[in-house]
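Since the structure comes first, as structure tokens, the remarks are kept for the end.
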Amino acid sequence: MVDILWLVFFCAVAIQLFYLVFIFGRLAFFYQKPPELPLEANPERVTVIVAARNEVENLKQLLPKLFKQDYKNLEILIVNDQSTDGTEDLLLDYAARYPSLRAVHVRYTPNHVTSKKYALTLGIKVASSDIMLLTDADCIPVSDRWVTRMTAPIRLDNKVFAIGHGSYRTLPGILNKLIQFETMLTALYYFSFGLWKSPFMGVGRNLCYRRSFFMEQKAFKGLWHILGGDDDLFVNKYANKKNTALVIHPESITLSSPKTDFSDFLVQKRRHFQAGKYYRLKDKLKLGIYSLTHLVYWFSAIILVAISTNWEPIALVLGFVLTRALLQYTIIRQAKIKLEGMGKVLWTMFFDVMYMIYFWVVGTKGYLSKTVKWK
């Protein structure tokens, strides 16, 4: 029995190290910064689309940042989804001062569709350009070159999708550190696999695609009944190695306001996990193998230490735990530098364990849930 447990432990360690070095290491160690973008006298028109419901305070922060973008041919389109907090008045006021701003007001949502997808679809249909750059109302571009960076693969390289990184503000507290850890781990997943020519998801906080492609696919056909998935499931369904690019540059990221209450955070994550069950089978396997061996790795390590009667096996287990922890720290730090230009990640070891517990408890509940909400 003990021999089998050791075999399980070594297999789990081997798979974990394989993911860390050969998959996540693709972003952390081997990605090379691309050359600078060329200057364009007459760039293709771009529409930034934001679906917002009762986000008036966030829009007051976001809109000035969008107006300051250095892109010369830009439309900013806010889809006001049945807001009751003064959003409509704010948009009327701003539209009188900024000709690049347009607003679409959603008065109701049909029964057979989910509200955010409906709002986004209306916005995309009336957009004046073919390049759609999506973000959320609580996000802020960190640079005035965000539009230029995020749309470059579509404008210059004829891609359909451009996938960017969405980070979160750093705040005090354990919840924020968990959010920071999970955000970087998720980014490692989709950027690393994307760099290996196997893209499978993006985040709606920072996502760009062609309007013409969206309309050819009949918008969110096959996804209307799912609450989430306006971002990751749409990418999962249609992205491939030929039509998708990863945008990796500190100027291309957005910064979002994280949840500060555990209950709000859990509702949000249940929605994300629920969408995950609709991924393609091969993408479920990519994530599932890492998550399962992560669980097996920690449980078998704990059991082996608990049942050992001398120091040699304990030292062996702890040696592997320390090796993996140092490797994971290095990879997450290097990935964070590539994506955000900074690399403070000293909390990885503790939150690796905490994330495992959270993932299997909340993830299972979200995967099985049918009653989550957008707002």
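Ordering of the structure tokens sets the chain letters (A, B, ...); residue numbers start at 1 within each chain; ligands are numbered from 1 in the order shown.
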
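Among the residues of region 165-228 of chain A, backbone DSSP assigns strand (DSSP E) to A:Gly166, A:Ser167, A:Tyr168, A:Leu207, A:Cys208, A:Tyr209, A:Arg210.
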
Kindly save the residues from that selection, with N, CA and C atoms included, as an mmCIF file, in the first residue's frame.
```
data_model
loop_
_atom_site.group_PDB
_atom_site.id
_atom_site.type_symbol
_atom_site.label_atom_id
_atom_site.label_comp_id
_atom_site.auth_asym_id
_atom_site.auth_seq_id
_atom_site.Cartn_x
_atom_site.Cartn_y
_atom_site.Cartn_z
ATOM 1 N N GLY A 166 -6.055 40.625 -18.149
ATOM 2 C CA GLY A 166 -6.808 41.492 -17.255
ATOM 3 C C GLY A 166 -6.363 41.267 -15.829
ATOM 4 N N SER A 167 -5.696 42.250 -15.252
ATOM 5 C CA SER A 167 -5.186 42.135 -13.891
ATOM 6 C C SER A 167 -6.179 42.760 -12.907
ATOM 7 N N TYR A 168 -5.861 42.642 -11.613
ATOM 8 C CA TYR A 168 -6.689 43.221 -10.562
ATOM 9 C C TYR A 168 -5.857 44.127 -9.673
ATOM 10 N N LEU A 207 -10.444 41.740 -24.472
ATOM 11 C CA LEU A 207 -10.600 40.808 -25.578
ATOM 12 C C LEU A 207 -10.978 41.577 -26.844
ATOM 13 N N CYS A 208 -10.390 41.180 -27.961
ATOM 14 C CA CYS A 208 -10.634 41.870 -29.225
ATOM 15 C C CYS A 208 -10.946 40.846 -30.316
ATOM 16 N N TYR A 209 -11.935 41.146 -31.170
ATOM 17 C CA TYR A 209 -12.205 40.288 -32.316
ATOM 18 C C TYR A 209 -12.939 41.058 -33.405
ATOM 19 N N ARG A 210 -13.027 40.422 -34.559
ATOM 20 C CA ARG A 210 -13.681 41.018 -35.712
ATOM 21 C C ARG A 210 -15.206 40.945 -35.591
#
```

Per residue of region 151-175 of chain A within 8 Å of region 32-55 of chain A, note the shortest atom pair and the distance in Å to one decimal, counting only C-alpha atoms, and order the rows by chain and increasing residue number, as a Markdown table.
```
| residue | atom | partner | partner_atom | distance |
| --- | --- | --- | --- | --- |
| A:Thr151 | CA | A:Val46 | CA | 7.9 |
| A:Ala152 | CA | A:Leu37 | CA | 7.8 |
| A:Arg155 | CA | A:Glu44 | CA | 6.7 |
```

Within 9 Å of region 337-345 of chain A: each region 1-41 of chain A residue with its shortest pair, only C-alpha atoms, as CSV:
```
residue,atom,partner,partner_atom,distance
A:Leu27,CA,A:Lys338,CA,7.8
A:Ala28,CA,A:Lys338,CA,7.2
A:Tyr31,CA,A:Lys338,CA,8.3
A:Lys33,CA,A:Lys338,CA,8.4
```
